[in-house]
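Peer 1: My structure is below; once you've seen it, I'll send some questions.
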Protein chains: 2
Amino acid sequence: MSILIAVADSSAPWITSFSKALQAELPEQKLVFLGEPFDRRAVSHAIAWKQPAGSLANLPALEAVFSMGAGVDFLMQDSRLPDVPVFRVSQDDLTFRMSEYVVMHCLMHLRDQRRFDRQQAAKLWNDDKEPPLASEVRIGLMGLGVLGRDAASKLKVMGFDVAAWSRTRKTEQDIPVFAGGDELDAFLARTDILVALIPLTNETRGILNRNLFEKLAPDGALGGPILINVGRGGLQVESDILSALNDGVLKAATLDVFEIEPLPQTSPLWSHPAISISPHNSATSEPKATARYIAGQFRRFEEGKEVCGFVDRIRGY
Amino acid sequence: MSILIAVADSSAPWITSFSKALQAELPEQKLVFLGEPFDRRAVSHAIAWKQPAGSLANLPALEAVFSMGAGVDFLMQDSRLPDVPVFRVSQDDLTFRMSEYVVMHCLMHLRDQRRFDRQQAAKLWNDDKEPPLASEVRIGLMGLGVLGRDAASKLKVMGFDVAAWSRTRKTEQDIPVFAGGDELDAFLARTDILVALIPLTNETRGILNRNLFEKLAPDGALGGPILINVGRGGLQVESDILSALNDGVLKAATLDVFEIEPLPQTSPLWSHPAISISPHNSATSEPKATARYIAGQFRRFEEGKEVCGFVDRIRGY
């Protein structure tokens, strides 16, 4: 039997490094690659990242699919995905990475770091405007999975006023949690910095649109609402972000993900003064650590033990 | 009796706001101001910030001096300061403010934020270099007072490998603490990001110099040592910072304080690509909160109770 590495480009450096580390972890397993000849009947497991749609069909012996990351939207959107268990990465390193990014950008908005960048470029010494205290700034985490919970606890340590919105009711002791569609508006109305950490599903596609931005708190301590999207580009309507920034519905945006990635050179997002852009690296995974993690999932699956990161196909994540 | 507000410019907006709030807190006290006529014999207390040297002399009824901030170097350097108790601000807000700044800039160095700023300006999508984990980056806090301890605990929450150096032996349970001159070199040798949070005294003036930079870890996960100075400008030798950056002894520097403030327009620090500059605002205090705090110190002093922030004149802070 063999493990199929199902990616668009098997020769990418990350994939090469990952595959080498995975082979070292699982020396008795045979790895095969999309784009090279292999026996479809012998594939018992697939490890996938943005594979061409349909490439996991016609694998009669397939028992499980592992995503190389926390996201599984590219699997859920593949209508020919076989009906086998799907697992995603749910790794401390990835979680901590995401929290580093979220805490850093929330602090940069709190402390108006872009103003001081501009002042330095102009050789201007000006400290006349006192930033609000972190406790005066209300952060709204949209999504309260593993990533959202870690970010919430760290933002609280930094002094922010943190709440979250979740699709389903959750019992958190530390922060107010709004649940479901009924409570979304109330959540948005108390949010100065919206951090999108939700998965991309049919329900959430395009949810970060003008209608939603207009429900954010207009009168908060930062002088206007701020969007941080670290989820998926498909959550956001980029033309709405631009228009909302241009007429003051949003004050600023930090975007790590985009409708099309890499973000095209022609996109007006690149040069908008109120937008900070990063190349979808808020929580990138290190190939060797990911290989170790998936090898562990594989072994537990083979031994019939419970495997972390099981994906609910109906929910979509 | 009266309280003297001893500052260089009594008409500055911060001072006006502070004085108004202080008067509201202490309605029975008479406030007098340097630069306006007042009876020197009637001054029982002074509240000072960078007062002209000697302006607190010849106040025969003076009982105590309160600094408007955490620093007292401008008082300790005034050779005509009367021999009365001196108190400084030791306020949660100020402490949290400082930790926001320190955590934000440590994360910006960890995540190479300046690289992504440059890439955005060039419309360049490039995520090829994985940053190290926070746990691989060794932060060295120079100074472990109230500010240093709060920053240390928050940096630990973010996952950094934190140690501290202190003038005197301290018992911290959470982080390794190096003490005194004997252990300074060992502290520097395990430091990737040096955060200077020490007071300015005769012993520490110019301590951030080339000799010290050369003792920092040259081979850390960030590719070279980084300096963050949020203490006082007098701690640093700016010509040494520039030369150390230019020949790779330092990789980058974040400076909130300077030898001369405001930083002169002619300073080469402004435009150095590896330096981030802010206008001494890492932990600025809000005038009303500061007035409330000092009014509380004043009342406790009057009632003969213990007052927070007592300054050891021999130690100098």
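Ordering of the structure tokens sets the chain letters (A, B, ...); residue numbers start at 1 within each chain; ligands are numbered from 1 in the order shown.
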Taking the chain letters and numbering used in this document, name the residues of region 60-292 of chain B that DSSP puts in strand (DSSP E), as a PyMOL selection string.
Peer 2: chain B and resi 64-67+86-87+138-142+161-166+177-179+193-196+226-229+252-255+275-277
Peer 1: Determine, using only C-alpha atoms, which residues of chain A have any atom at most 8 Å from an atom of chain B, and tabulate each with its shortest atom pair and distance in Å to one decimal place, rows ordered by chain and then rising number, as CSV.
Peer 2:
```
residue,atom,partner,partner_atom,distance
A:Asp93,CA,B:Leu133,CA,7.7
A:Phe96,CA,B:Gly159,CA,7.7
A:Arg97,CA,B:Leu133,CA,7.5
A:Ser99,CA,B:Met158,CA,8.0
A:Glu100,CA,B:Leu107,CA,6.7
A:Tyr101,CA,B:Arg111,CA,7.8
A:Val103,CA,B:Met104,CA,7.8
A:Met104,CA,B:Met104,CA,5.4
A:Leu107,CA,B:Met104,CA,6.0
A:Met108,CA,B:Met104,CA,6.9
A:Arg111,CA,B:Tyr101,CA,7.8
A:Phe116,CA,B:Ser278,CA,6.2
A:Asp117,CA,B:Ser276,CA,7.8
A:Gln120,CA,B:Trp270,CA,6.1
A:Ala121,CA,B:Ser271,CA,7.0
A:Lys123,CA,B:Trp270,CA,6.0
A:Leu124,CA,B:Gln265,CA,7.8
A:Trp125,CA,B:Pro279,CA,5.6
A:Asn126,CA,B:Pro279,CA,6.3
A:Asp127,CA,B:Pro279,CA,5.9
A:Glu130,CA,B:Glu286,CA,7.0
A:Leu133,CA,B:Arg97,CA,7.5
A:Lys154,CA,B:Val157,CA,7.0
A:Val157,CA,B:Lys154,CA,7.0
A:Met158,CA,B:Glu100,CA,6.8
A:Gly159,CA,B:Phe96,CA,7.7
A:Pro262,CA,B:Trp125,CA,6.3
A:Leu263,CA,B:Trp125,CA,7.1
A:Gln265,CA,B:Lys123,CA,6.0
A:Trp270,CA,B:Lys123,CA,6.0
A:Ser271,CA,B:Ala121,CA,7.0
A:Ser276,CA,B:Gln120,CA,7.7
A:Ile277,CA,B:Gln120,CA,6.2
A:Ser278,CA,B:Phe116,CA,6.2
A:Pro279,CA,B:Trp125,CA,5.6
A:His280,CA,B:Asp127,CA,7.6
A:Asn281,CA,B:Asp127,CA,6.4
A:Thr284,CA,B:Glu130,CA,7.5
A:Glu286,CA,B:Glu130,CA,7.0
```
Peer 1: Name the residues in contact with Ala21 (chain A) at a cut-off of 10 Å, using only C-alpha atoms, excluding same-chain residues fewer than 2 positions from it; report them as an MDAnalysis selection string.
Peer 2: chainID A and resid 15:19 23:27 287:292 295
Peer 1: Which neighbours of region 1-10 of chain A fall inside 9 Å, counting only C-alpha atoms, when residues of the same chain fewer than 5 positions from it are skipped, and could you give them as a list in words?
Peer 2: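 Returned residues: Ile15, Thr16, Ser19, Gln29, Lys30, Leu31, Val32, Phe33, Leu34, Gly35, Phe38, Asp39, Arg41, Ala42, Val43, Ser44, His45, Ala46, Ile47, Ala48, Trp49, Lys50, Gln51, Pro52, Ser55, Leu56 and Ala61 of chain A.
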Peer 1: Please produce a file of the residues just selected, as a tab-separated table (two decimals), in the first residue's frame, where the atoms kept are C-alpha atoms.
Peer 2:
```
chain	number	residue	atom	x	y	z
A	15	ILE	CA	6.65	19.72	-0.27
A	16	THR	CA	10.11	18.29	-0.92
A	19	SER	CA	8.05	14.47	2.03
A	29	GLN	CA	5.56	3.42	3.97
A	30	LYS	CA	5.77	4.03	0.25
A	31	LEU	CA	5.12	7.66	-0.79
A	32	VAL	CA	3.70	8.41	-4.23
A	33	PHE	CA	3.05	11.79	-5.82
A	34	LEU	CA	0.38	13.33	-8.01
A	35	GLY	CA	1.86	14.04	-11.43
A	38	PHE	CA	1.45	5.41	-9.39
A	39	ASP	CA	-0.96	2.56	-8.81
A	41	ARG	CA	-5.52	0.78	-6.35
A	42	ALA	CA	-2.63	0.74	-3.87
A	43	VAL	CA	-3.26	4.17	-2.28
A	44	SER	CA	-4.52	3.64	1.28
A	45	HIS	CA	-4.01	7.22	2.58
A	46	ALA	CA	-3.73	10.67	1.02
A	47	ILE	CA	-2.06	13.78	2.40
A	48	ALA	CA	-3.44	16.80	0.56
A	49	TRP	CA	-3.01	20.55	0.15
A	50	LYS	CA	-4.96	22.37	-2.55
A	51	GLN	CA	-4.91	19.28	-4.78
A	52	PRO	CA	-6.50	19.58	-8.24
A	55	SER	CA	-7.60	13.97	-7.91
A	56	LEU	CA	-8.65	11.98	-4.84
A	61	ALA	CA	-8.49	1.43	-1.20
```
Peer 1: Between CA of Asn211 (chain A) and CA of Val237 (chain A), what is the distance in Å, rounded to a tenth?
Peer 2: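 These two atoms are separated by 10.6 Å.
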Peer 1: What is the CA of Asn58 (chain B)-CA of Pro82 (chain B) distance in Å, reported with one decimal?
Peer 2: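 CA of Asn58 (chain B) sits 8.3 Å away from CA of Pro82 (chain B).
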Peer 1: In Å, rounded to a single decimal, give me how far CA of Asp78 (chain A) is from CA of Arg315 (chain A).
Peer 2: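 Interatomic distance here is 14.9 Å.
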Peer 1: Excluding His109 (chain B) and residues on its chain fewer than 5 positions from it, collect all residues at most 9 Å away from it, counting only C-alpha atoms, and give them as an MDAnalysis selection string.
Peer 2: chainID B and resid 104 114 193 222 226 252
Peer 1: Using only C-alpha atoms for the distances, tell me which of A:Val257, A:Val89, A:Leu242, A:Ile228 is nearest to Val65 (chain A).
Peer 2: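 For Val65 (chain A), the nearest of the candidates is A:Val89.
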Peer 1: Neighbouring residues of Met76 (chain A) were defined as those with any atom within 9 Å, considering only C-alpha atoms; residues of the same chain fewer than 2 positions away were excluded. Please report them as number ranges by chain.
Peer 2: A: 72-74, 78-79, 81, 201, 313, 316-317
Peer 1: Please produce a file of those selected residues containing N, CA and C atoms, as a PDB file, in the first residue's frame.
Peer 2:
```pdb
ATOM      1  N   VAL A  72      -9.369  23.057   5.579  1.00  0.00           N
ATOM      2  CA  VAL A  72      -9.774  21.909   4.769  1.00  0.00           C
ATOM      3  C   VAL A  72     -10.755  22.340   3.682  1.00  0.00           C
ATOM      4  N   ASP A  73     -10.914  23.639   3.470  1.00  0.00           N
ATOM      5  CA  ASP A  73     -11.909  24.126   2.504  1.00  0.00           C
ATOM      6  C   ASP A  73     -11.674  23.542   1.107  1.00  0.00           C
ATOM      7  N   PHE A  74     -10.410  23.378   0.718  1.00  0.00           N
ATOM      8  CA  PHE A  74     -10.094  22.836  -0.608  1.00  0.00           C
ATOM      9  C   PHE A  74     -10.514  21.370  -0.715  1.00  0.00           C
ATOM     10  N   ASP A  78     -14.237  19.909  -2.945  1.00  0.00           N
ATOM     11  CA  ASP A  78     -13.970  18.933  -4.000  1.00  0.00           C
ATOM     12  C   ASP A  78     -15.123  17.925  -4.007  1.00  0.00           C
ATOM     13  N   SER A  79     -16.016  18.086  -4.991  1.00  0.00           N
ATOM     14  CA  SER A  79     -17.250  17.278  -4.971  1.00  0.00           C
ATOM     15  C   SER A  79     -16.955  15.790  -5.179  1.00  0.00           C
ATOM     16  N   LEU A  81     -14.541  14.189  -3.589  1.00  0.00           N
ATOM     17  CA  LEU A  81     -13.798  13.655  -2.434  1.00  0.00           C
ATOM     18  C   LEU A  81     -14.491  12.385  -1.932  1.00  0.00           C
ATOM     19  N   THR A 201     -16.732  28.177   4.564  1.00  0.00           N
ATOM     20  CA  THR A 201     -17.757  27.191   4.219  1.00  0.00           C
ATOM     21  C   THR A 201     -18.768  27.890   3.308  1.00  0.00           C
ATOM     22  N   ARG A 313     -17.793  16.554   8.177  1.00  0.00           N
ATOM     23  CA  ARG A 313     -18.058  16.845   6.760  1.00  0.00           C
ATOM     24  C   ARG A 313     -19.326  17.671   6.576  1.00  0.00           C
ATOM     25  N   GLY A 316     -18.435  21.170   7.769  1.00  0.00           N
ATOM     26  CA  GLY A 316     -17.499  21.676   6.760  1.00  0.00           C
ATOM     27  C   GLY A 316     -16.132  22.062   7.313  1.00  0.00           C
ATOM     28  N   TYR A 317     -15.850  21.755   8.578  1.00  0.00           N
ATOM     29  CA  TYR A 317     -14.520  22.025   9.143  1.00  0.00           C
ATOM     30  C   TYR A 317     -14.279  21.166  10.369  1.00  0.00           C
TER      31      TYR A 317
END
```
Peer 1: Residues at most 12 Å from Gln173 (chain A), counting only C-alpha atoms, excluding those fewer than 5 positions away in the same chain, as a PyMOL selection string?
Peer 2: chain A and resi 149+152-153+163-164
Peer 1: Just N, CA and C atoms for this one: save the residues we selected as a tab-separated table (two decimals), in the first residue's frame.
Peer 2:
```tsv
chain	number	residue	atom	x	y	z
A	149	ARG	N	-9.41	30.39	20.63
A	149	ARG	CA	-9.28	30.34	22.08
A	149	ARG	C	-7.88	30.76	22.53
A	152	ALA	N	-7.60	34.50	22.05
A	152	ALA	CA	-8.41	35.20	23.06
A	152	ALA	C	-7.67	35.29	24.38
A	153	SER	N	-7.08	34.18	24.81
A	153	SER	CA	-6.44	34.21	26.13
A	153	SER	C	-5.22	35.13	26.12
A	163	ALA	N	-14.18	39.57	23.31
A	163	ALA	CA	-15.37	38.71	23.21
A	163	ALA	C	-15.23	37.88	21.94
A	164	ALA	N	-16.12	36.90	21.80
A	164	ALA	CA	-16.04	36.05	20.61
A	164	ALA	C	-17.43	35.74	20.09
```
